[in-house]
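J.: Sharing data-v1.cif (mmCIF, C-alpha atoms and all ligand atoms) below.
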```
data_target
#
loop_
_atom_site.group_PDB
_atom_site.id
_atom_site.type_symbol
_atom_site.label_atom_id
_atom_site.label_comp_id
_atom_site.auth_asym_id
_atom_site.auth_seq_id
_atom_site.Cartn_x
_atom_site.Cartn_y
_atom_site.Cartn_z
ATOM 1 C CA MET A 26 135.602 104.166 104.178
ATOM 2 C CA LYS A 27 132.613 106.324 103.368
ATOM 3 C CA ASN A 28 130.489 107.557 106.226
ATOM 4 C CA LYS A 29 127.182 105.860 106.884
ATOM 5 C CA ILE A 30 124.302 107.955 105.513
ATOM 6 C CA THR A 31 121.276 108.147 107.762
ATOM 7 C CA ALA A 32 117.987 109.531 106.439
ATOM 8 C CA VAL A 33 114.912 110.458 108.436
ATOM 9 C CA TYR A 34 111.462 110.171 106.881
ATOM 10 C CA PRO A 35 108.981 112.149 108.975
ATOM 11 C CA GLY A 36 105.214 112.120 108.662
ATOM 12 C CA THR A 37 101.932 111.778 110.459
ATOM 13 C CA PHE A 38 101.337 108.251 109.111
ATOM 14 C CA ASP A 39 97.696 108.278 110.231
ATOM 15 C CA PRO A 40 97.726 105.531 108.955
ATOM 16 C CA VAL A 41 100.660 104.365 106.804
ATOM 17 C CA THR A 42 99.607 103.802 103.161
ATOM 18 C CA TYR A 43 101.171 102.087 100.150
ATOM 19 C CA GLY A 44 102.291 105.577 99.050
ATOM 20 C CA HIS A 45 104.421 105.922 102.204
ATOM 21 C CA ILE A 46 105.685 102.351 101.825
ATOM 22 C CA ASP A 47 106.734 103.101 98.231
ATOM 23 C CA ILE A 48 108.834 106.032 99.509
ATOM 24 C CA ILE A 49 110.265 103.974 102.406
ATOM 25 C CA GLU A 50 111.353 101.221 100.006
ATOM 26 C CA ARG A 51 113.044 103.707 97.654
ATOM 27 C CA ALA A 52 114.808 105.411 100.581
ATOM 28 C CA SER A 53 115.951 102.073 102.018
ATOM 29 C CA GLN A 54 117.698 101.338 98.711
ATOM 30 C CA LEU A 55 119.438 104.720 98.650
ATOM 31 C CA PHE A 56 120.607 105.199 102.236
ATOM 32 C CA ASP A 57 122.431 103.062 104.786
ATOM 33 C CA GLU A 58 119.841 103.657 107.469
ATOM 34 C CA VAL A 59 116.311 105.095 107.271
ATOM 35 C CA ILE A 60 114.479 106.271 110.376
ATOM 36 C CA VAL A 61 110.750 106.525 109.699
ATOM 37 C CA THR A 62 109.546 108.861 112.406
ATOM 38 C CA VAL A 63 106.033 109.685 113.529
ATOM 39 C CA ALA A 64 105.612 113.429 113.984
ATOM 40 C CA LEU A 65 103.665 114.187 117.142
ATOM 41 C CA ASN A 66 102.056 117.423 116.023
ATOM 42 C CA ILE A 67 99.966 119.045 118.736
ATOM 43 C CA ASN A 68 97.870 120.862 116.124
ATOM 44 C CA LYS A 69 96.633 117.647 114.530
ATOM 45 C CA LYS A 70 94.168 115.271 116.103
ATOM 46 C CA PRO A 71 95.064 111.886 114.642
ATOM 47 C CA LEU A 72 92.718 108.889 114.435
ATOM 48 C CA PHE A 73 95.464 106.524 115.591
ATOM 49 C CA THR A 74 97.585 106.920 118.725
ATOM 50 C CA GLU A 75 101.347 107.257 118.548
ATOM 51 C CA ALA A 76 101.747 103.607 119.615
ATOM 52 C CA GLU A 77 99.247 102.369 117.009
ATOM 53 C CA ARG A 78 100.932 104.308 114.204
ATOM 54 C CA LYS A 79 104.343 102.977 115.231
ATOM 55 C CA ASP A 80 103.048 99.411 115.489
ATOM 56 C CA MET A 81 101.578 99.547 111.978
ATOM 57 C CA LEU A 82 104.820 101.020 110.597
ATOM 58 C CA LYS A 83 106.903 98.365 112.386
ATOM 59 C CA SER A 84 104.775 95.621 110.970
ATOM 60 C CA VAL A 85 104.846 96.861 107.351
ATOM 61 C CA CYS A 86 108.562 97.767 107.463
ATOM 62 C CA ARG A 87 109.806 94.529 109.011
ATOM 63 C CA LYS A 88 111.140 93.333 105.668
ATOM 64 C CA TYR A 89 113.410 96.369 105.234
ATOM 65 C CA LYS A 90 116.411 95.546 107.393
ATOM 66 C CA ASN A 91 117.878 99.074 107.424
ATOM 67 C CA VAL A 92 114.601 100.793 108.398
ATOM 68 C CA LYS A 93 113.842 101.797 111.997
ATOM 69 C CA ILE A 94 110.666 103.286 113.440
ATOM 70 C CA ASP A 95 110.659 106.161 115.900
ATOM 71 C CA SER A 96 108.632 109.241 116.851
ATOM 72 C CA PHE A 97 109.475 112.817 117.724
ATOM 73 C CA SER A 98 107.992 116.056 118.917
ATOM 74 C CA GLY A 99 109.502 119.491 118.507
ATOM 75 C CA LEU A 100 111.532 120.623 115.532
ATOM 76 C CA LEU A 101 112.374 118.167 112.770
ATOM 77 C CA ALA A 102 115.709 119.924 112.132
ATOM 78 C CA ASP A 103 116.766 119.363 115.772
ATOM 79 C CA TYR A 104 115.616 115.755 115.614
ATOM 80 C CA ALA A 105 117.610 115.101 112.403
ATOM 81 C CA VAL A 106 120.774 116.561 113.951
ATOM 82 C CA LYS A 107 120.251 114.517 117.121
ATOM 83 C CA LYS A 108 119.961 111.341 115.039
ATOM 84 C CA LYS A 109 123.099 112.297 113.041
ATOM 85 C CA ALA A 110 121.017 112.209 109.864
ATOM 86 C CA SER A 111 122.287 114.081 106.827
ATOM 87 C CA VAL A 112 119.090 113.608 104.830
ATOM 88 C CA ILE A 113 115.385 114.321 105.339
ATOM 89 C CA VAL A 114 113.200 112.326 102.938
ATOM 90 C CA ARG A 115 109.831 113.644 101.781
ATOM 91 C CA GLY A 116 107.435 112.303 99.182
ATOM 92 C CA LEU A 117 106.322 114.529 96.329
ATOM 93 C CA ARG A 118 103.056 113.528 94.741
ATOM 94 C CA ALA A 119 101.937 116.488 92.715
ATOM 95 C CA VAL A 120 102.600 120.167 92.161
ATOM 96 C CA SER A 121 100.158 120.820 94.999
ATOM 97 C CA ASP A 122 102.696 119.378 97.482
ATOM 98 C CA PHE A 123 105.443 121.609 96.169
ATOM 99 C CA GLU A 124 104.853 124.986 97.791
ATOM 100 C CA TYR A 125 104.533 123.669 101.326
ATOM 101 C CA GLU A 126 107.458 121.272 100.930
ATOM 102 C CA PHE A 127 109.647 123.986 99.402
ATOM 103 C CA GLN A 128 108.992 126.283 102.367
ATOM 104 C CA MET A 129 109.592 123.488 104.892
ATOM 105 C CA SER A 130 112.808 122.309 103.292
ATOM 106 C CA LEU A 131 114.309 125.805 103.079
ATOM 107 C CA THR A 132 113.345 126.463 106.702
ATOM 108 C CA ASN A 133 114.903 123.191 107.800
ATOM 109 C CA ARG A 134 118.068 124.017 105.841
ATOM 110 C CA LYS A 135 118.271 127.361 107.624
ATOM 111 C CA LEU A 136 117.937 125.602 110.980
ATOM 112 C CA ALA A 137 120.228 122.679 110.156
ATOM 113 C CA PRO A 138 122.497 123.629 107.202
ATOM 114 C CA LYS A 139 124.160 120.224 106.987
ATOM 115 C CA VAL A 140 120.891 118.345 106.551
ATOM 116 C CA SER A 141 119.533 118.148 102.982
ATOM 117 C CA THR A 142 115.920 117.435 102.119
ATOM 118 C CA ILE A 143 115.519 114.931 99.304
ATOM 119 C CA PHE A 144 112.221 114.407 97.495
ATOM 120 C CA LEU A 145 111.237 111.046 96.141
ATOM 121 C CA MET A 146 108.342 110.423 93.796
ATOM 122 C CA PRO A 147 106.182 107.373 94.331
ATOM 123 C CA HIS A 148 104.868 105.124 91.595
ATOM 124 C CA GLU A 149 102.277 107.157 89.674
ATOM 125 C CA LYS A 150 99.475 104.890 90.892
ATOM 126 C CA TYR A 151 99.962 106.389 94.387
ATOM 127 C CA THR A 152 100.132 110.040 93.409
ATOM 128 C CA TYR A 153 96.570 110.829 94.480
ATOM 129 C CA LEU A 154 96.700 108.756 97.653
ATOM 130 C CA ASN A 155 96.836 110.166 101.163
ATOM 131 C CA SER A 156 95.930 109.040 104.665
ATOM 132 C CA SER A 157 92.872 111.269 104.994
ATOM 133 C CA LEU A 158 91.361 109.763 101.821
ATOM 134 C CA VAL A 159 91.887 106.301 103.310
ATOM 135 C CA ARG A 160 90.313 107.309 106.647
ATOM 136 C CA GLU A 161 87.324 108.807 104.864
ATOM 137 C CA LEU A 162 86.773 105.754 102.653
ATOM 138 C CA SER A 163 87.132 103.409 105.589
ATOM 139 C CA LYS A 164 84.566 105.308 107.627
ATOM 140 C CA PHE A 165 81.972 104.428 104.979
ATOM 141 C CA ASP A 166 83.293 100.892 104.489
ATOM 142 C CA GLY A 167 84.743 101.706 101.046
ATOM 143 C CA ASN A 168 87.222 99.361 99.397
ATOM 144 C CA ILE A 169 90.741 100.378 100.443
ATOM 145 C CA LYS A 170 92.642 97.181 99.709
ATOM 146 C CA ASP A 171 94.714 98.833 96.954
ATOM 147 C CA PHE A 172 95.692 101.688 99.295
ATOM 148 C CA VAL A 173 96.773 100.114 102.588
ATOM 149 C CA PRO A 174 98.056 96.714 103.784
ATOM 150 C CA ALA A 175 95.680 94.169 105.401
ATOM 151 C CA GLU A 176 96.961 94.953 108.890
ATOM 152 C CA VAL A 177 95.962 98.613 108.456
ATOM 153 C CA ILE A 178 92.532 97.643 107.062
ATOM 154 C CA LYS A 179 91.956 95.573 110.212
ATOM 155 C CA ARG A 180 92.912 98.453 112.497
ATOM 156 C CA LEU A 181 90.708 100.889 110.570
ATOM 157 C CA LYS A 182 87.779 98.471 110.889
ATOM 158 C CA GLU A 183 88.315 98.312 114.656
ATOM 159 C CA LYS A 184 88.094 102.109 114.802
ATOM 160 C CA ARG A 185 84.951 102.103 112.636
ATOM 161 C CA ASP A 186 83.324 99.471 114.868
ATOM 162 C CA ARG A 187 83.985 101.776 117.829
ATOM 163 C CA GLY A 188 82.321 104.651 115.976
ATOM 164 C CA LEU A 189 85.607 106.543 115.520
HETATM 165 P P1 LIG B 1 102.367 115.014 106.731
HETATM 166 O O1 LIG B 1 101.269 115.283 107.687
HETATM 167 O O2 LIG B 1 103.724 115.413 107.190
HETATM 168 O O3 LIG B 1 102.075 115.409 105.298
HETATM 169 P P2 LIG B 1 102.020 112.300 105.881
HETATM 170 O O4 LIG B 1 102.099 111.091 106.680
HETATM 171 O O5 LIG B 1 100.747 112.573 105.178
HETATM 172 O O6 LIG B 1 102.476 113.476 106.803
HETATM 173 O O7 LIG B 1 103.145 112.282 104.801
HETATM 174 C C1 LIG B 1 104.486 112.079 105.125
HETATM 175 C C2 LIG B 1 105.299 112.219 103.890
HETATM 176 O O8 LIG B 1 104.900 111.215 102.967
HETATM 177 C C3 LIG B 1 105.133 113.538 103.146
HETATM 178 O O9 LIG B 1 106.385 113.858 102.561
HETATM 179 C C4 LIG B 1 104.131 113.224 102.075
HETATM 180 O O10 LIG B 1 104.320 114.050 100.944
HETATM 181 C C5 LIG B 1 104.511 111.797 101.758
HETATM 182 N N1 LIG B 1 103.394 111.043 101.201
HETATM 183 C C6 LIG B 1 102.158 110.884 101.702
HETATM 184 N N2 LIG B 1 101.384 110.133 100.898
HETATM 185 C C7 LIG B 1 102.165 109.818 99.830
HETATM 186 C C8 LIG B 1 101.949 109.103 98.627
HETATM 187 N N3 LIG B 1 100.770 108.574 98.304
HETATM 188 N N4 LIG B 1 102.986 108.992 97.788
HETATM 189 C C9 LIG B 1 104.178 109.566 98.074
HETATM 190 N N5 LIG B 1 104.444 110.269 99.164
HETATM 191 C C10 LIG B 1 103.462 110.403 100.036
#
```
Could you spell out this file's structure in structure tokens?

T.:
Amino acid sequence: MKNKITAVYPGTFDPVTYGHIDIIERASQLFDEVIVTVALNINKKPLFTEAERKDMLKSVCRKYKNVKIDSFSGLLADYAVKKKASVIVRGLRAVSDFEYEFQMSLTNRKLAPKVSTIFLMPHEKYTYLNSSLVRELSKFDGNIKDFVPAEVIKRLKEKRDRGL
């Protein structure tokens, strides 16, 4: 019997967008198990807490039965090995993502040679979408219904109402 293939999909997810969900859905069809994991990066100051980001991911990923939500701090390569993952999934939107992703994936391969990074492209309608665009639009009450699910819109509104 073939071994189960576990993939980890790391990101800040501040907040999760339809672009991320597009990648999660594609990964869930390719791998036996997908662990979507919130990177707790001390250099970034996210709008949403770790718990809020995980809650939103849990809610939007409920329908994908082989997708789990987690978080990690420290090195992604160590985390992937700990989770017995053989794949790291990243989304590639445009050439502008390439240089950074190329450097990260080669570094991770050096640190964990048995873990391969796989890049998935979202539907072209999400290629310009990112979480910071969504946060910025939401701050000024812009229409974000094509970018994030209703649950995320509600949470963003709560932040706006608190002046965050
Ligand atoms: P990071 O801070 O690690 O870039 P993000 O949450 O912004 O975290 O992104 C996590 C992953 O999802 C990255 O691989 C990123 O390229 C990908 N991603 C983000 N937005 C989109 C999108 N609109 N379409 C496809 N992939 C995306």

J.: Counting only C-alpha atoms and all ligand atoms, name the residues that have an atom within 10 Å of an atom of ligand LIG 1 (chain B); the answer should be given as a PyMOL selection string.

T.: chain A and resi 34-49+61-66+69+71+113-119+121-123+125-126+143-157+172

J.: Go through A:Val92, A:Val112, A:Leu72, A:Leu158 and flag the residue nearest Glu58 (chain A), using all atoms listed in the file for the distances.

T.: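 Once distances to Glu58 (chain A) are computed over all atoms listed in the file, the minimum belongs to A:Val92.
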
J.: I need the residue nearest Leu55 (chain A) from this list: A:Val173, A:Leu162, A:Phe73, A:Ile30. Use only C-alpha atoms for the distance.

T.: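 For Leu55 (chain A), the nearest of the candidates is A:Ile30.
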
J.: Can you tell me which residues surround region 179-189 of chain A at a distance of at most 7 Å, considering all atoms listed in the file, apart from same-chain residues fewer than 2 positions away, and format the answer as a list in words?

T.: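 Listed by chain and then number, they are Ser163, Lys164, Ala175, Glu176 and Val177 of chain A.
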
J.: Rounded to one decimal in Å, what is the spacing between CA of Cys86 (chain A) and CA of Ala52 (chain A)?

T.: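 Distance between the two atoms: 12.0 Å.
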
J.: Set up a box along x, y and z of the file covering all listed atoms of region 38-56 of chain A, add 5 Å on every one of the six sides, and write the centre and edge lengths in Å to one decimal, as JSON.

T.:
```
{"center_x": 109.2, "center_y": 104.7, "center_z": 103.9, "size_x": 32.9, "size_y": 17.1, "size_z": 22.6}
```

J.: How would you write, as a short mmCIF file (atom, residue, chain, number, x, y, z; two decimals) with C-alpha atoms, in the frame of the given file, the residues chosen by the PyMOL selection byres (((chain A and resi 94) around 10) and not hetatm) on this structure?

T.:
```cif
data_model
loop_
_atom_site.label_atom_id
_atom_site.label_comp_id
_atom_site.auth_asym_id
_atom_site.auth_seq_id
_atom_site.Cartn_x
_atom_site.Cartn_y
_atom_site.Cartn_z
CA VAL A 33 114.91 110.46 108.44
CA TYR A 34 111.46 110.17 106.88
CA VAL A 59 116.31 105.10 107.27
CA ILE A 60 114.48 106.27 110.38
CA VAL A 61 110.75 106.52 109.70
CA THR A 62 109.55 108.86 112.41
CA VAL A 63 106.03 109.68 113.53
CA ARG A 78 100.93 104.31 114.20
CA LYS A 79 104.34 102.98 115.23
CA ASP A 80 103.05 99.41 115.49
CA MET A 81 101.58 99.55 111.98
CA LEU A 82 104.82 101.02 110.60
CA LYS A 83 106.90 98.36 112.39
CA SER A 84 104.78 95.62 110.97
CA CYS A 86 108.56 97.77 107.46
CA ARG A 87 109.81 94.53 109.01
CA VAL A 92 114.60 100.79 108.40
CA LYS A 93 113.84 101.80 112.00
CA ASP A 95 110.66 106.16 115.90
CA SER A 96 108.63 109.24 116.85
#
```

J.: Suppose you want the space between CA of Ala105 (chain A) and CA of Thr132 (chain A); what is it in Å?

T.: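 That distance, rounded to one decimal, is 13.4 Å.
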
J.: Figure out the distance between CA of Ala76 (chain A) and CA of Glu50 (chain A), please, to one decimal in Å.

T.: 22.0 Å

J.: Just say which residues the PyMOL selection byres (((chain A and resi 137) around 10) and not hetatm) picks in this file, as a list of chain:residue names.

T.: A:Leu101, A:Ala102, A:Asp103, A:Tyr104, A:Ala105, A:Val106, A:Ser111, A:Leu131, A:Thr132, A:Asn133, A:Arg134, A:Lys135, A:Leu136, A:Pro138, A:Lys139, A:Val140, A:Ser141

J.: Excluding Lys29 (chain A) and any residue of its chain fewer than 3 positions from it, enumerate the residues within 10 Å of it, using all atoms listed in the file, and give them as a PyMOL selection string.

T.: chain A and resi 26+32+56-58+109-111

J.: From the options A:Val85, A:Ile67, A:Ile178, A:Val120, which residue's atoms come nearest to Asp166 (chain A), counting only C-alpha atoms?

T.: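 Of all the options, A:Ile178 lies closest to Asp166 (chain A).
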